[in-house]
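Written out below as structure tokens is the structure these notes cover.
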Amino acid sequence: MEILSRQLRSLHPLPYVSSHPKCAQFRLNHLIFADDLMVFMRGDVPSVVTVVESLGQFASISGLHANPSKTSIYFGGVTDDIKQQIEAATGYSEAKFPFRYLGVTLNLGRLTPDMFRGMMDKIQAAIHH
């Protein structure tokens with residue numbers, strides 16, 4: 001996974017790859033946890049296609065492939081035309097916000113304390129048990 005991280009980080013300086021606007025200042029373009037990968041990119045075709053090509057290169061080297069039936073794209077502020085182009089180029093389907101990841105509900109807005117309620121309840125129950 002370190003090789004994949006390095007490969008994805010190497011995309012930052014490429015002129016045709018744009019970071020997600022909220023992640024650019026942190027130079028954050030992905031998160032990996034166990035067997036989950038989340039990639040954050042600007043919703044334009046060249047950026048997304050470059051990331052998918054990079055994942056393909058990693059797959060050919062490592063044998064680890066993204067499962068298309070478990071892979072989704074979440075869009076925010078992207079036109080329907082661009083969505084269709086990205087879906088056609090990647091073969092991945094669109095999923096909708098909100099969704100849960102590691103017990104936290106994620107959406108397009110800011111994280112709020114209520115989004116952590118389920119996770120906090122589980123932690124408190126474990127502590128009291």
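Going by the structure tokens order, chains are called A, B, ..., each with residues numbered from 1, while ligands are numbered from 1 in the order shown.
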Determine which residues of chain A DSSP labels as strand (DSSP E or B) from the backbone of this structure, then write them out as a list in words.
-> Ser19, His30, Leu31, Ile32, Phe33, Asp36, Leu37, Met38, Val39, Met41, Ser72, Ile73, Tyr74, Ser93, Glu94, Ala95, Phe99, Arg100, Tyr101, Val104, Thr105 and Leu106 of chain A
DSSP on the backbone, helix (DSSP H, G or I) only: what residues of chain A does that give? Format it as a PDB file with N, CA, C and O atoms, in the first residue's frame.
```
ATOM      1  N   GLU A   2       2.081   1.130   0.549  1.00  0.00           N
ATOM      2  CA  GLU A   2       2.989   2.280   0.513  1.00  0.00           C
ATOM      3  C   GLU A   2       3.339   2.641  -0.928  1.00  0.00           C
ATOM      4  O   GLU A   2       3.421   3.816  -1.278  1.00  0.00           O
ATOM      5  N   ILE A   3       3.508   1.640  -1.769  1.00  0.00           N
ATOM      6  CA  ILE A   3       3.801   1.909  -3.182  1.00  0.00           C
ATOM      7  C   ILE A   3       2.626   2.629  -3.832  1.00  0.00           C
ATOM      8  O   ILE A   3       2.811   3.596  -4.580  1.00  0.00           O
ATOM      9  N   LEU A   4       1.416   2.181  -3.547  1.00  0.00           N
ATOM     10  CA  LEU A   4       0.230   2.847  -4.087  1.00  0.00           C
ATOM     11  C   LEU A   4       0.156   4.284  -3.588  1.00  0.00           C
ATOM     12  O   LEU A   4      -0.127   5.202  -4.362  1.00  0.00           O
ATOM     13  N   SER A   5       0.412   4.498  -2.314  1.00  0.00           N
ATOM     14  CA  SER A   5       0.393   5.861  -1.769  1.00  0.00           C
ATOM     15  C   SER A   5       1.398   6.761  -2.473  1.00  0.00           C
ATOM     16  O   SER A   5       1.091   7.895  -2.834  1.00  0.00           O
ATOM     17  N   ARG A   6       2.593   6.250  -2.671  1.00  0.00           N
ATOM     18  CA  ARG A   6       3.618   7.043  -3.366  1.00  0.00           C
ATOM     19  C   ARG A   6       3.198   7.339  -4.795  1.00  0.00           C
ATOM     20  O   ARG A   6       3.397   8.442  -5.299  1.00  0.00           O
ATOM     21  N   GLN A   7       2.619   6.349  -5.437  1.00  0.00           N
ATOM     22  CA  GLN A   7       2.177   6.534  -6.821  1.00  0.00           C
ATOM     23  C   GLN A   7       1.084   7.599  -6.892  1.00  0.00           C
ATOM     24  O   GLN A   7       1.111   8.474  -7.763  1.00  0.00           O
ATOM     25  N   LEU A   8       0.121   7.552  -5.985  1.00  0.00           N
ATOM     26  CA  LEU A   8      -0.954   8.550  -5.995  1.00  0.00           C
ATOM     27  C   LEU A   8      -0.436   9.936  -5.605  1.00  0.00           C
ATOM     28  O   LEU A   8      -0.874  10.943  -6.160  1.00  0.00           O
ATOM     29  N   ARG A   9       0.510   9.998  -4.657  1.00  0.00           N
ATOM     30  CA  ARG A   9       1.092  11.298  -4.292  1.00  0.00           C
ATOM     31  C   ARG A   9       1.868  11.903  -5.452  1.00  0.00           C
ATOM     32  O   ARG A   9       1.956  13.122  -5.596  1.00  0.00           O
ATOM     33  N   ALA A  24      -6.561  20.307  -1.583  1.00  0.00           N
ATOM     34  CA  ALA A  24      -5.323  20.764  -2.222  1.00  0.00           C
ATOM     35  C   ALA A  24      -4.334  21.361  -1.227  1.00  0.00           C
ATOM     36  O   ALA A  24      -3.140  21.052  -1.288  1.00  0.00           O
ATOM     37  N   GLN A  25      -4.810  22.181  -0.306  1.00  0.00           N
ATOM     38  CA  GLN A  25      -3.886  22.835   0.617  1.00  0.00           C
ATOM     39  C   GLN A  25      -3.180  21.838   1.536  1.00  0.00           C
ATOM     40  O   GLN A  25      -2.098  22.109   2.036  1.00  0.00           O
ATOM     41  N   PHE A  26      -3.775  20.670   1.725  1.00  0.00           N
ATOM     42  CA  PHE A  26      -3.174  19.637   2.563  1.00  0.00           C
ATOM     43  C   PHE A  26      -2.389  18.614   1.748  1.00  0.00           C
ATOM     44  O   PHE A  26      -1.824  17.686   2.306  1.00  0.00           O
ATOM     45  N   VAL A  45     -12.509  15.123 -16.224  1.00  0.00           N
ATOM     46  CA  VAL A  45     -12.177  13.863 -16.890  1.00  0.00           C
ATOM     47  C   VAL A  45     -10.676  13.567 -16.866  1.00  0.00           C
ATOM     48  O   VAL A  45     -10.282  12.449 -16.505  1.00  0.00           O
ATOM     49  N   PRO A  46      -9.796  14.503 -17.224  1.00  0.00           N
ATOM     50  CA  PRO A  46      -8.360  14.162 -17.228  1.00  0.00           C
ATOM     51  C   PRO A  46      -7.844  13.716 -15.859  1.00  0.00           C
ATOM     52  O   PRO A  46      -7.059  12.768 -15.778  1.00  0.00           O
ATOM     53  N   SER A  47      -8.287  14.374 -14.790  1.00  0.00           N
ATOM     54  CA  SER A  47      -7.824  14.006 -13.451  1.00  0.00           C
ATOM     55  C   SER A  47      -8.279  12.609 -13.075  1.00  0.00           C
ATOM     56  O   SER A  47      -7.492  11.784 -12.597  1.00  0.00           O
ATOM     57  N   VAL A  48      -9.551  12.328 -13.285  1.00  0.00           N
ATOM     58  CA  VAL A  48     -10.100  11.027 -12.899  1.00  0.00           C
ATOM     59  C   VAL A  48      -9.500   9.907 -13.747  1.00  0.00           C
ATOM     60  O   VAL A  48      -9.128   8.855 -13.224  1.00  0.00           O
ATOM     61  N   VAL A  49      -9.370  10.133 -15.035  1.00  0.00           N
ATOM     62  CA  VAL A  49      -8.795   9.110 -15.913  1.00  0.00           C
ATOM     63  C   VAL A  49      -7.352   8.821 -15.513  1.00  0.00           C
ATOM     64  O   VAL A  49      -6.918   7.661 -15.497  1.00  0.00           O
ATOM     65  N   THR A  50      -6.592   9.844 -15.152  1.00  0.00           N
ATOM     66  CA  THR A  50      -5.210   9.648 -14.724  1.00  0.00           C
ATOM     67  C   THR A  50      -5.148   8.810 -13.458  1.00  0.00           C
ATOM     68  O   THR A  50      -4.295   7.919 -13.334  1.00  0.00           O
ATOM     69  N   VAL A  51      -6.040   9.063 -12.520  1.00  0.00           N
ATOM     70  CA  VAL A  51      -6.069   8.271 -11.295  1.00  0.00           C
ATOM     71  C   VAL A  51      -6.411   6.814 -11.609  1.00  0.00           C
ATOM     72  O   VAL A  51      -5.766   5.886 -11.106  1.00  0.00           O
ATOM     73  N   VAL A  52      -7.399   6.595 -12.451  1.00  0.00           N
ATOM     74  CA  VAL A  52      -7.789   5.224 -12.809  1.00  0.00           C
ATOM     75  C   VAL A  52      -6.644   4.512 -13.525  1.00  0.00           C
ATOM     76  O   VAL A  52      -6.376   3.330 -13.263  1.00  0.00           O
ATOM     77  N   GLU A  53      -5.935   5.209 -14.392  1.00  0.00           N
ATOM     78  CA  GLU A  53      -4.776   4.618 -15.060  1.00  0.00           C
ATOM     79  C   GLU A  53      -3.689   4.260 -14.040  1.00  0.00           C
ATOM     80  O   GLU A  53      -3.052   3.211 -14.133  1.00  0.00           O
ATOM     81  N   SER A  54      -3.500   5.128 -13.072  1.00  0.00           N
ATOM     82  CA  SER A  54      -2.512   4.869 -12.026  1.00  0.00           C
ATOM     83  C   SER A  54      -2.904   3.636 -11.209  1.00  0.00           C
ATOM     84  O   SER A  54      -2.053   2.806 -10.879  1.00  0.00           O
ATOM     85  N   LEU A  55      -4.190   3.506 -10.900  1.00  0.00           N
ATOM     86  CA  LEU A  55      -4.669   2.317 -10.184  1.00  0.00           C
ATOM     87  C   LEU A  55      -4.464   1.063 -11.037  1.00  0.00           C
ATOM     88  O   LEU A  55      -4.120   0.000 -10.507  1.00  0.00           O
ATOM     89  N   GLY A  56      -4.657   1.187 -12.342  1.00  0.00           N
ATOM     90  CA  GLY A  56      -4.426   0.061 -13.243  1.00  0.00           C
ATOM     91  C   GLY A  56      -2.962  -0.363 -13.271  1.00  0.00           C
ATOM     92  O   GLY A  56      -2.648  -1.560 -13.291  1.00  0.00           O
ATOM     93  N   GLN A  57      -2.063   0.616 -13.266  1.00  0.00           N
ATOM     94  CA  GLN A  57      -0.633   0.309 -13.224  1.00  0.00           C
ATOM     95  C   GLN A  57      -0.276  -0.416 -11.937  1.00  0.00           C
ATOM     96  O   GLN A  57       0.462  -1.400 -11.946  1.00  0.00           O
ATOM     97  N   PHE A  58      -0.833   0.068 -10.833  1.00  0.00           N
ATOM     98  CA  PHE A  58      -0.587  -0.584  -9.545  1.00  0.00           C
ATOM     99  C   PHE A  58      -1.122  -2.013  -9.565  1.00  0.00           C
ATOM    100  O   PHE A  58      -0.470  -2.940  -9.073  1.00  0.00           O
ATOM    101  N   ALA A  59      -2.288  -2.207 -10.148  1.00  0.00           N
ATOM    102  CA  ALA A  59      -2.894  -3.542 -10.214  1.00  0.00           C
ATOM    103  C   ALA A  59      -2.031  -4.498 -11.026  1.00  0.00           C
ATOM    104  O   ALA A  59      -1.866  -5.663 -10.658  1.00  0.00           O
ATOM    105  N   SER A  60      -1.467  -4.001 -12.123  1.00  0.00           N
ATOM    106  CA  SER A  60      -0.639  -4.883 -12.959  1.00  0.00           C
ATOM    107  C   SER A  60       0.648  -5.284 -12.246  1.00  0.00           C
ATOM    108  O   SER A  60       1.172  -6.374 -12.474  1.00  0.00           O
ATOM    109  N   ILE A  61       1.137  -4.441 -11.374  1.00  0.00           N
ATOM    110  CA  ILE A  61       2.358  -4.744 -10.630  1.00  0.00           C
ATOM    111  C   ILE A  61       2.059  -5.639  -9.425  1.00  0.00           C
ATOM    112  O   ILE A  61       2.764  -6.602  -9.165  1.00  0.00           O
ATOM    113  N   SER A  62       0.992  -5.310  -8.699  1.00  0.00           N
ATOM    114  CA  SER A  62       0.718  -5.970  -7.415  1.00  0.00           C
ATOM    115  C   SER A  62      -0.270  -7.127  -7.502  1.00  0.00           C
ATOM    116  O   SER A  62      -0.312  -7.972  -6.616  1.00  0.00           O
ATOM    117  N   PRO A  68     -14.964  -3.727  -9.399  1.00  0.00           N
ATOM    118  CA  PRO A  68     -15.913  -2.777  -9.982  1.00  0.00           C
ATOM    119  C   PRO A  68     -17.291  -2.789  -9.307  1.00  0.00           C
ATOM    120  O   PRO A  68     -17.941  -1.766  -9.223  1.00  0.00           O
ATOM    121  N   SER A  69     -17.702  -3.941  -8.788  1.00  0.00           N
ATOM    122  CA  SER A  69     -19.019  -3.996  -8.134  1.00  0.00           C
ATOM    123  C   SER A  69     -19.003  -3.341  -6.762  1.00  0.00           C
ATOM    124  O   SER A  69     -20.051  -3.036  -6.201  1.00  0.00           O
ATOM    125  N   LYS A  70     -17.810  -3.106  -6.209  1.00  0.00           N
ATOM    126  CA  LYS A  70     -17.700  -2.448  -4.904  1.00  0.00           C
ATOM    127  C   LYS A  70     -17.098  -1.054  -5.013  1.00  0.00           C
ATOM    128  O   LYS A  70     -16.818  -0.412  -4.013  1.00  0.00           O
ATOM    129  N   ASP A  80     -23.987  16.952 -15.165  1.00  0.00           N
ATOM    130  CA  ASP A  80     -24.391  15.614 -15.610  1.00  0.00           C
ATOM    131  C   ASP A  80     -23.567  15.139 -16.795  1.00  0.00           C
ATOM    132  O   ASP A  80     -23.240  13.956 -16.902  1.00  0.00           O
ATOM    133  N   ASP A  81     -23.213  16.060 -17.679  1.00  0.00           N
ATOM    134  CA  ASP A  81     -22.403  15.703 -18.844  1.00  0.00           C
ATOM    135  C   ASP A  81     -21.039  15.166 -18.418  1.00  0.00           C
ATOM    136  O   ASP A  81     -20.577  14.134 -18.920  1.00  0.00           O
ATOM    137  N   ILE A  82     -20.388  15.858 -17.486  1.00  0.00           N
ATOM    138  CA  ILE A  82     -19.077  15.419 -16.995  1.00  0.00           C
ATOM    139  C   ILE A  82     -19.216  14.093 -16.247  1.00  0.00           C
ATOM    140  O   ILE A  82     -18.378  13.198 -16.388  1.00  0.00           O
ATOM    141  N   LYS A  83     -20.272  13.952 -15.457  1.00  0.00           N
ATOM    142  CA  LYS A  83     -20.508  12.683 -14.754  1.00  0.00           C
ATOM    143  C   LYS A  83     -20.570  11.527 -15.740  1.00  0.00           C
ATOM    144  O   LYS A  83     -19.941  10.489 -15.538  1.00  0.00           O
ATOM    145  N   GLN A  84     -21.321  11.718 -16.813  1.00  0.00           N
ATOM    146  CA  GLN A  84     -21.464  10.654 -17.810  1.00  0.00           C
ATOM    147  C   GLN A  84     -20.122  10.327 -18.468  1.00  0.00           C
ATOM    148  O   GLN A  84     -19.804   9.161 -18.700  1.00  0.00           O
ATOM    149  N   GLN A  85     -19.335  11.359 -18.749  1.00  0.00           N
ATOM    150  CA  GLN A  85     -18.024  11.134 -19.358  1.00  0.00           C
ATOM    151  C   GLN A  85     -17.108  10.359 -18.411  1.00  0.00           C
ATOM    152  O   GLN A  85     -16.392   9.440 -18.836  1.00  0.00           O
ATOM    153  N   ILE A  86     -17.140  10.715 -17.134  1.00  0.00           N
ATOM    154  CA  ILE A  86     -16.295  10.042 -16.145  1.00  0.00           C
ATOM    155  C   ILE A  86     -16.748   8.599 -15.958  1.00  0.00           C
ATOM    156  O   ILE A  86     -15.919   7.684 -15.912  1.00  0.00           O
ATOM    157  N   GLU A  87     -18.053   8.390 -15.863  1.00  0.00           N
ATOM    158  CA  GLU A  87     -18.559   7.024 -15.711  1.00  0.00           C
ATOM    159  C   GLU A  87     -18.195   6.161 -16.915  1.00  0.00           C
ATOM    160  O   GLU A  87     -17.803   5.004 -16.773  1.00  0.00           O
ATOM    161  N   ALA A  88     -18.294   6.723 -18.110  1.00  0.00           N
ATOM    162  CA  ALA A  88     -17.944   5.981 -19.323  1.00  0.00           C
ATOM    163  C   ALA A  88     -16.448   5.668 -19.361  1.00  0.00           C
ATOM    164  O   ALA A  88     -16.041   4.572 -19.757  1.00  0.00           O
ATOM    165  N   ALA A  89     -15.622   6.605 -18.935  1.00  0.00           N
ATOM    166  CA  ALA A  89     -14.171   6.425 -18.978  1.00  0.00           C
ATOM    167  C   ALA A  89     -13.676   5.447 -17.921  1.00  0.00           C
ATOM    168  O   ALA A  89     -12.677   4.757 -18.131  1.00  0.00           O
ATOM    169  N   THR A  90     -14.363   5.378 -16.778  1.00  0.00           N
ATOM    170  CA  THR A  90     -13.883   4.548 -15.676  1.00  0.00           C
ATOM    171  C   THR A  90     -14.588   3.202 -15.576  1.00  0.00           C
ATOM    172  O   THR A  90     -14.022   2.247 -15.067  1.00  0.00           O
ATOM    173  N   PRO A 113     -21.165  17.146  14.805  1.00  0.00           N
ATOM    174  CA  PRO A 113     -21.138  16.172  15.905  1.00  0.00           C
ATOM    175  C   PRO A 113     -22.169  15.054  15.751  1.00  0.00           C
ATOM    176  O   PRO A 113     -21.909  13.907  16.116  1.00  0.00           O
ATOM    177  N   ASP A 114     -23.331  15.354  15.182  1.00  0.00           N
ATOM    178  CA  ASP A 114     -24.353  14.321  15.001  1.00  0.00           C
ATOM    179  C   ASP A 114     -23.888  13.194  14.083  1.00  0.00           C
ATOM    180  O   ASP A 114     -24.334  12.050  14.211  1.00  0.00           O
ATOM    181  N   MET A 115     -22.996  13.488  13.158  1.00  0.00           N
ATOM    182  CA  MET A 115     -22.506  12.467  12.244  1.00  0.00           C
ATOM    183  C   MET A 115     -21.656  11.424  12.965  1.00  0.00           C
ATOM    184  O   MET A 115     -21.469  10.318  12.472  1.00  0.00           O
ATOM    185  N   PHE A 116     -21.132  11.786  14.133  1.00  0.00           N
ATOM    186  CA  PHE A 116     -20.302  10.876  14.905  1.00  0.00           C
ATOM    187  C   PHE A 116     -21.107  10.145  15.985  1.00  0.00           C
ATOM    188  O   PHE A 116     -20.566   9.340  16.715  1.00  0.00           O
ATOM    189  N   ARG A 117     -22.405  10.438  16.086  1.00  0.00           N
ATOM    190  CA  ARG A 117     -23.240   9.892  17.154  1.00  0.00           C
ATOM    191  C   ARG A 117     -23.201   8.364  17.196  1.00  0.00           C
ATOM    192  O   ARG A 117     -22.994   7.776  18.245  1.00  0.00           O
ATOM    193  N   GLY A 118     -23.388   7.697  16.065  1.00  0.00           N
ATOM    194  CA  GLY A 118     -23.387   6.236  16.040  1.00  0.00           C
ATOM    195  C   GLY A 118     -22.073   5.649  16.507  1.00  0.00           C
ATOM    196  O   GLY A 118     -22.037   4.697  17.287  1.00  0.00           O
ATOM    197  N   MET A 119     -20.971   6.232  16.042  1.00  0.00           N
ATOM    198  CA  MET A 119     -19.661   5.755  16.440  1.00  0.00           C
ATOM    199  C   MET A 119     -19.434   5.992  17.935  1.00  0.00           C
ATOM    200  O   MET A 119     -18.919   5.122  18.643  1.00  0.00           O
ATOM    201  N   MET A 120     -19.837   7.156  18.424  1.00  0.00           N
ATOM    202  CA  MET A 120     -19.665   7.471  19.847  1.00  0.00           C
ATOM    203  C   MET A 120     -20.507   6.540  20.718  1.00  0.00           C
ATOM    204  O   MET A 120     -20.057   6.093  21.775  1.00  0.00           O
ATOM    205  N   ASP A 121     -21.723   6.234  20.284  1.00  0.00           N
ATOM    206  CA  ASP A 121     -22.573   5.305  21.038  1.00  0.00           C
ATOM    207  C   ASP A 121     -21.910   3.934  21.141  1.00  0.00           C
ATOM    208  O   ASP A 121     -21.939   3.302  22.202  1.00  0.00           O
ATOM    209  N   LYS A 122     -21.319   3.458  20.057  1.00  0.00           N
ATOM    210  CA  LYS A 122     -20.634   2.162  20.071  1.00  0.00           C
ATOM    211  C   LYS A 122     -19.432   2.185  21.008  1.00  0.00           C
ATOM    212  O   LYS A 122     -19.179   1.231  21.746  1.00  0.00           O
ATOM    213  N   ILE A 123     -18.675   3.276  20.977  1.00  0.00           N
ATOM    214  CA  ILE A 123     -17.504   3.392  21.853  1.00  0.00           C
ATOM    215  C   ILE A 123     -17.944   3.417  23.307  1.00  0.00           C
ATOM    216  O   ILE A 123     -17.367   2.725  24.159  1.00  0.00           O
ATOM    217  N   GLN A 124     -18.984   4.202  23.606  1.00  0.00           N
ATOM    218  CA  GLN A 124     -19.469   4.262  24.994  1.00  0.00           C
ATOM    219  C   GLN A 124     -20.012   2.926  25.466  1.00  0.00           C
ATOM    220  O   GLN A 124     -19.774   2.513  26.602  1.00  0.00           O
ATOM    221  N   ALA A 125     -20.706   2.210  24.600  1.00  0.00           N
ATOM    222  CA  ALA A 125     -21.233   0.893  24.956  1.00  0.00           C
ATOM    223  C   ALA A 125     -20.076  -0.074  25.241  1.00  0.00           C
ATOM    224  O   ALA A 125     -20.156  -0.872  26.177  1.00  0.00           O
ATOM    225  N   ALA A 126     -19.017   0.009  24.457  1.00  0.00           N
ATOM    226  CA  ALA A 126     -17.869  -0.867  24.679  1.00  0.00           C
ATOM    227  C   ALA A 126     -17.175  -0.547  25.989  1.00  0.00           C
ATOM    228  O   ALA A 126     -16.737  -1.447  26.707  1.00  0.00           O
ATOM    229  N   ILE A 127     -17.092   0.723  26.306  1.00  0.00           N
ATOM    230  CA  ILE A 127     -16.460   1.138  27.551  1.00  0.00           C
ATOM    231  C   ILE A 127     -17.282   0.662  28.758  1.00  0.00           C
ATOM    232  O   ILE A 127     -16.742   0.141  29.737  1.00  0.00           O
ATOM    233  N   HIS A 128     -18.606   0.810  28.679  1.00  0.00           N
ATOM    234  CA  HIS A 128     -19.484   0.414  29.789  1.00  0.00           C
ATOM    235  C   HIS A 128     -19.605  -1.106  29.912  1.00  0.00           C
ATOM    236  O   HIS A 128     -19.952  -1.610  30.968  1.00  0.00           O
TER     237      HIS A 128
END
```
Enter the distance from CA of Val78 (chain A) to CA of Gly43 (chain A), in Å, rounded to one decimal.
-> 6.3 Å
Selection: 9 Å around Leu31 (chain A), only C-alpha atoms, excl. self and same-chain fewer than 5 positions, as a list of chain:residue names = A:Ser5, A:Asp36, A:Leu37, A:Met38, A:Val39, A:Phe40
Please identify all polymer residues within 12 Å of Asp35 (chain A), counting only C-alpha atoms, omitting same-chain residues fewer than 4 positions from it, and present them as a list in words.
-> Met1, Leu31, Leu64, His65, Ala66, Asn67 and Lys70 of chain A
Minimum-distance residue to Pro21 (chain A), chosen among A:Thr105, A:Phe33, A:Gly63, A:Gly77 (using only C-alpha atoms) = A:Gly77
Closest to Lys96 (chain A) among A:Thr79, A:Arg42, A:Leu108, A:Tyr74, using only C-alpha atoms?
-> A:Tyr74
Atom pair CA of Phe99 (chain A) / CA of Val17 (chain A): separation (Å) | 25.9 Å
